[in-house]
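Novice: Structure incoming, see below.
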Amino acid sequence: MAFSSRNTVSVYSVLSSILQVSIFAVLLGAEKSGAQFPYSSRNGERHSKDYCAMYDICGERSDGKVLNCPYGSPAVKPDDLFSAKVQSLCPTISGNVCCTEAQFDTLRAQVQQAIPFLVGCPACLRNFLNLFCELSCSPDQSLFINVTSASEKLNGNLTVDAIDFFVADTFGEGLFDSCKEVKFGTMNTRAIEFVGAGAKNFKEWFAFIGQQAAPGLPGSPYTIKFQSSAPESSGMELMNASIYSCGDTSLGCSCGDCPSSPLCSNSEPPPPHKDVSCSIGIGSFKVKCVDFSLAILYVILFSALLGWALFHRTGERRSSSSTKPLLDYSDNGDINYDDVLRDEMKMQKMVPRMGNEVQISIVQRHMSSFFRMYGSWVARNPAFVLFSSLAVVLVLSLGLIRFEVETRPEKLWVGDDSKAAEEKHYFDSHLAPFYRIEQLILATIPDSRHGKSPSIVTDDNIQLLFEIQQKVDDLRANYSGALISLTDICLKPLDEDCATQSVLQYFKMDPENYDDYGGVEHAEYCFQHYTSADTCLSAFQAPLDPSTALGGFPGNNYSEASAFIVTYPVNNAVSEVGDENGKAVAWEKAFIQLVKDELLPMVQSSNLTLSFSSESSIEEELKRESTADVITILVSYLVMFAYISVTLGDAPRFSTFYLSTKVLLGLSGVLVVMLSVLGSVGFFSAMGVKSTLIIMEVIPFLVLAVGVDNMCILVNAVKRQARVLSLEERISNALVEVGPSITLASLSEVLAFAVGGFISMPACRVFSMFAALAVLLDFLLQVTAFVSLIVFDIMRAEDNRVDCFPCIKVSSSSEEDDEGINQGSPGLLSQYMEKIHARILGLWGVKIVVVAVFVAFCLASIALSTRIEPGLEQQIALPRDSYLQGYFSDLSEYLRVGPPLYFVVKGYNYSSESRHTNQLCSISQCDPNSLLNEISKASLTPETSYIAKPAASWLDDFLVWLSPEAFGCCRKFVNGSYCPPDDQPPCCSPDEGSCGLGGVCKDCTTCFRHSDLNNDRPSTEQFREKLPWFLDALPSADCAKGGHGAYTSSVDLNGYKSGIIQASEFRTYHTPLNKQSDYVNSIRAAREFCSRVSSSLKIEVFPYSVFYIFFEQYLDIWRTALINIAIALGAVFIVCVVITSSLWSSAITVLVVAMIVVDLMGVMAILNIQLNAVSVVNLIMSIGIAVEFCVHISHAFSVSQGNREQRMKEALRTMGSSVFSGITLTKLVGVIVLCFAKSEIFVVYYFQIYLALVLIGFLHGLVFLPVVLSIVGPPSRFMPSVTQGEPESLELN
C-alpha cells in the first residue's frame, strides 16, 4: 500500500474508457443482430448464404445506442469506396455485405475502443475484429445469427432485442488463446481484464460480451446469446472464420503477449534459483555440511587434547618439581600471603635492577623507563599536568560551536558511494521523486474464539470511512501564514482530483453516491468489475485495483477483507533543493495530530483498530527516540559512578570512611570521561562532520565503561604499593606495573574502533570515528589528568582531609596511621582469586573440561553464525511506544501489494538506425529477449524474481498509440497539429450528451499510414515529433493509450531531440515483502536480472525502488563484517607484537579475542539479532573491549616467574581482581540499566549484545585464558640466573 501509490495512480490511464471497453460488445452488438423467424418467415432463404439476418438501423435506445432492424434481406453489394472501407477493417469480407455505411461507421467507432488494448498482438486483434465483422457485416450473416426477440419503438419500427450467435468452439478457443496473455502495460495487467472482465475461458468472455447493458451503462444494447451448436433442422451453421494463432509468423505477437510462440520456445524464464545447501543425512535427520564438519573437527581436537594431556602430564609434573621459582610462595600447594607481600616489597626495591632478570622487549623497556620518569614527574607536578591536559581538551571542545546534528534517515544510513543512492539521485533528477505517502489502516479485531478477523466491508464501516475522509479533507495546516489542505499538495494525475487510494473511490469519494450506487453491494460489485464498470471508476478517472485499498483478504476474495487501507499520495520534491516539501511536512504533522486526537478515538469506539503513518513519521520518531532514553542513560552513568566511587575506595571502616572513600576521585574520573567525549565531538564538529544524537548517548557510556577499567587498574596498582615508599616511587612503580598493559589495551581499542570508520554507512562510520578519538583522548587523560588526581587524592588522605570536602581536616589517630600500611593487604576478591579460583583452574580435570566446553561453544557459534540474517527490523529502530510499531505490524499482516519497481533505461537511442526500440518493447516485431519480454518472463517465477507482474511500458503504448490500427489515438488536423480523440474537447464538448462524428474534428486523419512507417516503427523524426503529443494526450474511451498522467514522468525529455532519451522507466511491482530477507533478496534478484539483461542487450538498465537505498547495505553486510573484524584483529595482533615482542603471547591473546567475537555472534544467532551496520560496529568494538579482558592477564603472566602453573596463579592474584571488579562489574552495572530503555534498539543492540560481551569476555579472560596459558603459555621472561644485589630489610609489622 504505502509503496503502491505511484503505480496505482499512474494506472489512471485505465480511465473510464478503459472500462467501457466492455462496450465493445455493446457497440458491436448494436451494429447488427441475427435474423429472426417471426419477421422473415415468408422468406425461405432466411438462413442461407448471401442473406442477412439484420440490416440497417431502425431506432435507438434512450441512451443513444442504435438498434438494428430485425428484418432479413439479401446481402447488398457496396460501392467501391464503401467496399474499401469495409476491407480496411474486415479484410475477410469481400463482395456483398450485410451492413449499411451508418452501421459500419458505428462498428468502426466502437471497436476503436478495443484496438489500443489489443493492437500490440496483431493475431489477437485480427481474431477479435473478425468476430464483430462477421456479426455486423458478413454476407452470410443469416447462417449463424438468429433474432430471437424484437421490440417496437415509438416510431413504430421494430428493433432487435435479443439474438442467438452461433459460433464454433474452435473459433472461440482460438480467439481466447490468442488474446489471454496480451498485456495492457499501463495497468500492469492483462488486456482481457478490460475487454473481457477477466474471463478465464472463451465462454466467460462471450457471456460478458453478450450481456444487455442497462441504459447509460457500457455494454450491448441487446442480449447476445452465444451458442456452440445449431439446430439440425434450422439450416444454420456455426460461424467458424479463420483463426490466427498468436504465434502466427505473419501476425506474430511478442513473447510477452504470446509465451507459447515458437519464437519464444528458446527463451523460457530462467529456472528458479535454488540455494545450494550441502546437507548430510543421518537416519531421518539432515545435518548441514558445515555443522557436520565442525562436529568432526571438535571430536578430533578433543581427542588430541586428551592425548596431549595423557602423554605430557607426567613430564609437566617432573618439570614443575625440578624447577624452583625465585620467589616460592607455596607450601604443599598453598600460598602464604605474608610471604607474598614481603617478597613483593623486596621486588619493588629491586625494580631498578629488574632489567637484569626480566627479558622484556625494547618497546616495553622504553615504555617502562618512560612511565618511571613520567610517574615521578607527575607526582612532583600534579597541578601543571592536570591543568595543561584539561586545557588541551577544552581547546578541542571549542569546536562545539559548529556542532550540528544529522537527523535525515537517508543521510544517516546511506553511504555517499552507495550505488542505490546514486541511482536514486539519477531517478529523482531525471524522472521524478517517488510520491510522499500518508496512510491509514483500519482493521477489524480478530474473533476471540476462532482468531479470524471478520470482514470490514460493511455499511457502518464504510460510513465511518466517509466521516474520517471528511475530517481529512477539512484539515488545514499552517505553513508560513498560509493554510494548507490535502488538495494543495496531493498527487493529481489529470490535474483535477486527488489520487487517493480508498474504497470510497467506488463512490467517487462522495457520500451522497453511497445509497444511489447501491451501498455495500456496489462496492463488492466493483471489487470484481473495477476495470469494466463505469460506475466503479474513481473520482480521478482511473480504475482502482481493490488490492491497493483492501487488506487481509485470502486470494482474490476481496469481500472477506479485514482492513481498509487508505493512501494519500502527495507530491514530492528532491530534498536537496531548498524546502520544497515544507508544505507537505506541515500538513503531515497536522495529519498525525488529527489522527491521534480525533480519528483514533472514532475508530476505537467502532471496535476497530487504526494504524497510521506519514512520510515524515520515521524521521520524527527517530528524533523523539534520541531523547526518549536520556533518563535511562543518566541512571546508567549514575550507577557506574556510584560503583566506581565504592570500588576505588579502600575497605570501609566507620571511623575512617570519610578518608578512605574516593567519591571525589570517582566523580573527577567521570568528568574526565565526559571531557574526552566533548573533545572528540568538538574536534569533528570543527572539521565539519555532523554528529548524531545517538553519539551523545552511547559514546559517553562506552568511553566511561572503557575508562573505568583504567581508573580501577591505576588506583589498584597504586594501592598495592607499600606505604613506606615515597609518593613519587608509588606513582612511578604503579605506572611501570600497569602502564604497558593499559597502553596496549587502549591502543587496541582505538584501532578496533577506528576500523569501524571503513564502514560505508555514515551513522556507523561517524560513530566509530567519534568513539575512536574519544577513547584515545580518554586514555591520554587517564595517564595525565587522572594520575594527577590520584596524586592529589593520596595527598588529601595522608593529610587527613575529608573526601568530597578536602578543606575539612580531621585529627589523626594511631588506627588511621595504620591505614596506609593495610593498603597493601589483599581484599576478599584477591583472596578468592588466589586461594579458590586459581586453585580450581589448576586442576587437570578442570582444565580439560574448560577447554572442551569453550572450544565446543566456539565451534557451535561458528555454525550458529551462519544462521544470522541481515537486516534491521523497522520496529526495533523505533521507540517501543511509537505509533509506527503498530503500523509496520499491520503492513506486514494486511499488505497484499508489494513496493513498486522501476526498470530505468539510460541512453535509449530511438533513431531508425538503432535496434534499441525492438530491444526494449514487447509488442509485435519486438525481440523475443527484449527488456519488457524478459520482465514478463521473470514475473512468471515471482518466488525467485520477486517481480509480481509485467511492466507498464510507455514505449509499447506509444508505438500502439502511433499505429494506424489505433485510428482513434494519434490523429492530426488538416494543418498538421494534434487532433484529440472524438470524445475529448474540442472534438466533443463536455456539455454535450453524446459525441458525434461531425464537428471540428470531422476532417482529422490518423497520423500515419502503414506506408509511412518502417515495419510499423516510426522514423527518427516521427518519433521525435510525436512523443510529446503522446505524453500530453489524455486517455479516454476512444483512446485509452493516451500517455498523460500514466507516463508524464516516465520519460526525460531533456535533450531527447538529439535522438537519445537520457532516462526512461518501465514500472511494475515487487511481490509482497514481509521479512527483512525478502527486501534484501528482492534487491539482489532485481540487480542480477538487470545485469544479465544489460549484458545481453548492451543497454544500461538498473532497477529502482524506494526501499533500495536503505537495504542495499545488507547485500554485502557479511563481507563488510568479516573484513572489518579481520582488520581489527590484525590491528590488535600488530599492537601486541610491537609492544610485547612475543608472537606466542600475541597469538594467544588474539585467539581468545577472536573466540569472544565468534561466541558473541553465536549469541546473536540464539537471540535472533540481525546483522546490520549497528551490530557490525558492535562486533568491531567488542574486539577492543575484549582485549581488556585478556591483555592484563596475559601481560601479568608474561612478567611473572615460575612454571606455567605458578605464573597463571600469580597473574590471577595480581590482575584477576582488577579484571573482575574494574572491568567486568563496572561494565555490567552500566549495561544492566539499559534493559529499561524505551528504545528497542538500545535493548537489543546495546543491552543484549553488551551484556553477552561482558559475560563472555569475563569467562574467557578469567577462566579460559588462564587455563590456556597454564597449558601452552609463552615461557617466562625471567632469566635462569639468580637476581644479584641484596634487598633492604623491611619491617612489615
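Letters A, B, ... mark the chains of the C-alpha cells in the order given; residue numbers begin at 1 per chain; ligand numbers begin at 1, in order shown.
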Determine, counting only C-alpha atoms, which protein, DNA and RNA residues have an atom within 12 Å of an atom of A:Asn716; residues of the same chain fewer than 2 positions away are not included. Present the result as JSON, numbers by chain.
Specialist: {"A": [647, 648, 649, 650, 708, 709, 710, 711, 712, 713, 714, 718, 719, 720, 721, 730, 731, 734, 735, 737, 738, 790, 823, 824, 825, 826, 827, 830, 1214, 1215, 1216, 1217, 1218, 1219, 1221, 1222]}
Novice: Got a sec: who's within 6 Å of A:Val1101, counting only C-alpha atoms, leaving out chain neighbours fewer than 3 positions off, as an NGL selection string?
Specialist: :A and (904-905 or 1090 or 1094)
Novice: Since we have the selection now, will you write its residues out, keeping N, CA, C and O atoms, as a compact mmCIF listing (two decimals), in the first residue's frame?
Specialist:
```txt
# COMPACT_ATOMS: atom_id res chain seq x y z
N VAL A 904 14.92 1.29 -15.01
CA VAL A 904 15.33 2.55 -15.61
C VAL A 904 16.34 2.28 -16.72
O VAL A 904 17.35 1.59 -16.50
N VAL A 905 16.06 2.81 -17.90
CA VAL A 905 16.93 2.64 -19.06
C VAL A 905 17.67 3.95 -19.30
O VAL A 905 17.04 5.01 -19.40
N CYS A 1090 18.90 -7.21 -13.99
CA CYS A 1090 19.32 -6.07 -14.81
C CYS A 1090 20.73 -6.27 -15.34
O CYS A 1090 21.04 -5.86 -16.47
N SER A 1094 21.27 -6.17 -19.24
CA SER A 1094 22.16 -5.13 -19.75
C SER A 1094 23.29 -5.74 -20.56
O SER A 1094 23.68 -5.23 -21.62
```
Novice: For A:Gln112, which residue out of A:Ser1011, A:Ser1198, A:Ser559, A:Ser1036 is the nearest one, using only C-alpha atoms?
Specialist: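 Of A:Ser1011, A:Ser1198, A:Ser559, A:Ser1036, the one nearest A:Gln112 is A:Ser1036, counting only C-alpha atoms.
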Novice: Can you work out which one of A:Ile876, A:Leu962, A:Ile644, A:Ile243 has the shortest atom-to-atom distance to A:Lys1026, counting only C-alpha atoms?
Specialist: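 Nearest to A:Lys1026: A:Leu962.
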Novice: At a cut-off of 10 Å, using only C-alpha atoms, what residues contact A:Glu1021? Leave out same-chain residues fewer than 3 positions from it and give the result as a list of chain:residue names.
Specialist: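 Skipping anything fewer than 3 positions along the chain leaves A:Tyr910, A:Ser911, A:Ser912, A:Pro1018, A:Arg1024, A:Glu1025, A:Lys1026, A:Lys1057, A:Gly1059.
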Novice: Run DSSP on the backbone and give me the residues of stretch 903-984 of chain A it puts in alpha helix (DSSP H), as a PyMOL selection string.
Specialist: chain A and resi 916-920+931-938+942-945+954-962
Novice: Distance table requested - stretch 179-199 of chain A against stretch 521-530 of chain A, cut-off 12 Å, only C-alpha atoms: one row per qualifying residue with the closest atom pair and its distance in Å to one decimal, ordered by chain and rising residue number, as a Markdown table.
Specialist:
```
| residue | atom | partner | partner_atom | distance |
| --- | --- | --- | --- | --- |
| A:Glu193 | CA | A:His529 | CA | 8.7 |
| A:Phe194 | CA | A:His529 | CA | 8.9 |
| A:Val195 | CA | A:His529 | CA | 11.3 |
| A:Gly196 | CA | A:His529 | CA | 10.1 |
| A:Ala197 | CA | A:His529 | CA | 6.5 |
| A:Gly198 | CA | A:His529 | CA | 8.5 |
| A:Ala199 | CA | A:His529 | CA | 11.1 |
```
Novice: Please provide as a ChimeraX atom specification all residues within 12 Å of A:Ser939, with the sequence filter that same-chain residues fewer than 3 positions apart are discarded (counting only C-alpha atoms).
Specialist: /A:188-189,256,268-270,272,932-936,942-951,1068-1071,1085-1086,1089
Novice: Write a file of the just-selected residues containing C-alpha atoms, as a JSON list (two decimals), in the first residue's frame.
Specialist:
```
[["chain", "number", "residue", "atom", "x", "y", "z"],
["A", 188, "ASN", "CA", 0.49, -3.81, -15.45],
["A", 189, "THR", "CA", -2.18, -6.39, -16.20],
["A", 256, "GLY", "CA", 5.23, -11.21, -23.57],
["A", 268, "GLU", "CA", 11.85, -19.72, -21.33],
["A", 269, "PRO", "CA", 12.19, -17.98, -17.99],
["A", 270, "PRO", "CA", 15.35, -18.97, -16.17],
["A", 272, "PRO", "CA", 14.24, -20.86, -10.20],
["A", 932, "LEU", "CA", 9.98, -5.97, -21.41],
["A", 933, "ASN", "CA", 9.66, -9.56, -22.60],
["A", 934, "GLU", "CA", 12.32, -10.60, -20.10],
["A", 935, "ILE", "CA", 10.46, -8.77, -17.33],
["A", 936, "SER", "CA", 7.27, -10.55, -18.35],
["A", 942, "PRO", "CA", 7.78, -14.42, -8.69],
["A", 943, "GLU", "CA", 9.09, -16.58, -5.85],
["A", 944, "THR", "CA", 12.65, -16.05, -7.09],
["A", 945, "SER", "CA", 12.45, -12.93, -9.26],
["A", 946, "TYR", "CA", 10.27, -11.00, -6.76],
["A", 947, "ILE", "CA", 8.59, -9.42, -9.80],
["A", 948, "ALA", "CA", 4.81, -9.63, -9.43],
["A", 949, "LYS", "CA", 3.62, -8.75, -12.93],
["A", 950, "PRO", "CA", 4.75, -7.49, -16.36],
["A", 951, "ALA", "CA", 5.88, -3.90, -16.57],
["A", 1068, "THR", "CA", 5.95, -2.92, -12.21],
["A", 1069, "TYR", "CA", 5.57, -4.27, -8.67],
["A", 1070, "HIS", "CA", 7.63, -6.39, -6.39],
["A", 1071, "THR", "CA", 5.81, -9.25, -4.76],
["A", 1085, "ALA", "CA", 17.31, -10.56, -7.70],
["A", 1086, "ALA", "CA", 16.47, -7.27, -9.44],
["A", 1089, "PHE", "CA", 18.24, -9.51, -13.60]]
```
Novice: Ranking A:Pro116, A:Asp1159, A:Phe507, A:Ile93 by minimum distance to A:Ser861 and counting only C-alpha atoms, which one comes first?
Specialist: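 Among the listed residues, the smallest separation from A:Ser861 belongs to A:Asp1159.
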Novice: Would you mind telling me which residue in A:Met602, A:Leu1253, A:Ile848, A:Ile565 lies nearest to A:Val1163 when using only C-alpha atoms?
Specialist: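 Closest to A:Val1163 of all the choices is A:Leu1253.
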Novice: Quick one: residues within 10 Å of A:Val1233, only C-alpha atoms counted, chain neighbours fewer than 6 positions away excluded, as a compact mmCIF listing (two decimals) with N, CA, C and O atoms, in the first residue's frame?
Specialist:
```txt
# COMPACT_ATOMS: atom_id res chain seq x y z
N THR A 632 17.29 7.10 31.18
CA THR A 632 17.90 5.78 31.32
C THR A 632 19.42 5.87 31.25
O THR A 632 20.14 5.25 32.04
N ILE A 633 19.90 6.65 30.28
CA ILE A 633 21.36 6.80 30.14
C ILE A 633 21.94 7.48 31.37
O ILE A 633 22.99 7.06 31.89
N LEU A 634 21.27 8.52 31.87
CA LEU A 634 21.78 9.21 33.05
C LEU A 634 21.81 8.29 34.26
O LEU A 634 22.77 8.31 35.05
N VAL A 635 20.77 7.47 34.42
CA VAL A 635 20.77 6.50 35.52
C VAL A 635 21.92 5.53 35.38
O VAL A 635 22.59 5.17 36.36
N SER A 636 22.18 5.11 34.14
CA SER A 636 23.31 4.20 33.90
C SER A 636 24.62 4.84 34.33
O SER A 636 25.47 4.22 34.97
N TYR A 637 24.79 6.13 33.96
CA TYR A 637 26.00 6.84 34.36
C TYR A 637 26.10 6.94 35.88
O TYR A 637 27.18 6.75 36.46
N VAL A 639 24.77 5.01 38.16
CA VAL A 639 25.07 3.70 38.75
C VAL A 639 26.55 3.38 38.61
O VAL A 639 27.21 2.91 39.56
N MET A 640 27.08 3.65 37.42
CA MET A 640 28.51 3.38 37.23
C MET A 640 29.36 4.29 38.10
O MET A 640 30.37 3.87 38.67
N VAL A 1243 17.79 -1.84 23.72
CA VAL A 1243 17.65 -3.12 24.43
C VAL A 1243 18.33 -4.24 23.65
O VAL A 1243 19.05 -5.06 24.22
N PHE A 1247 21.98 -3.39 25.16
CA PHE A 1247 21.85 -4.18 26.38
C PHE A 1247 22.19 -5.66 26.13
O PHE A 1247 23.06 -6.23 26.78
```
Novice: From stretch 703-868 of chain A, collect each residue whose DSSP state is strand (DSSP E) and return the set as a list in words.
Specialist: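 DSSP-assigned strand (DSSP E) residues in stretch 703-868 of chain A: Arg801, Val802, Phe805, Pro806, Cys807, Ile808 and Lys809 of chain A.
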Novice: Go through A:Leu412, A:Met239, A:Leu491, A:Leu744 one by one, measure the shortest atom-to-atom distance of each to A:Val1191 using only C-alpha atoms, and give the residue with the smallest value.
Specialist: A:Leu744
Novice: Just the number, please: distance in Å from atom CA of A:Gln1206 to atom CA of A:Leu1151, one decimal.
Specialist: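 Going from atom CA of A:Gln1206 over to atom CA of A:Leu1151, I get 22.3 Å.
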Novice: Could you list, as an MDAnalysis selection string, every residue within 8 Å of A:Ser142, counting only C-alpha atoms and ignoring same-chain residues fewer than 6 positions away?
Specialist: chainID A and resid 34:35 46:49 51:54 72 236
Novice: Let me make sure I understand: among A:Ser260, A:Ser676, A:Gln541, A:Ser788, which one has the smallest atom-to-atom distance to A:Leu1034 if we use only C-alpha atoms?
Specialist: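 Answer, going by the shortest atom-to-atom distance: A:Gln541.
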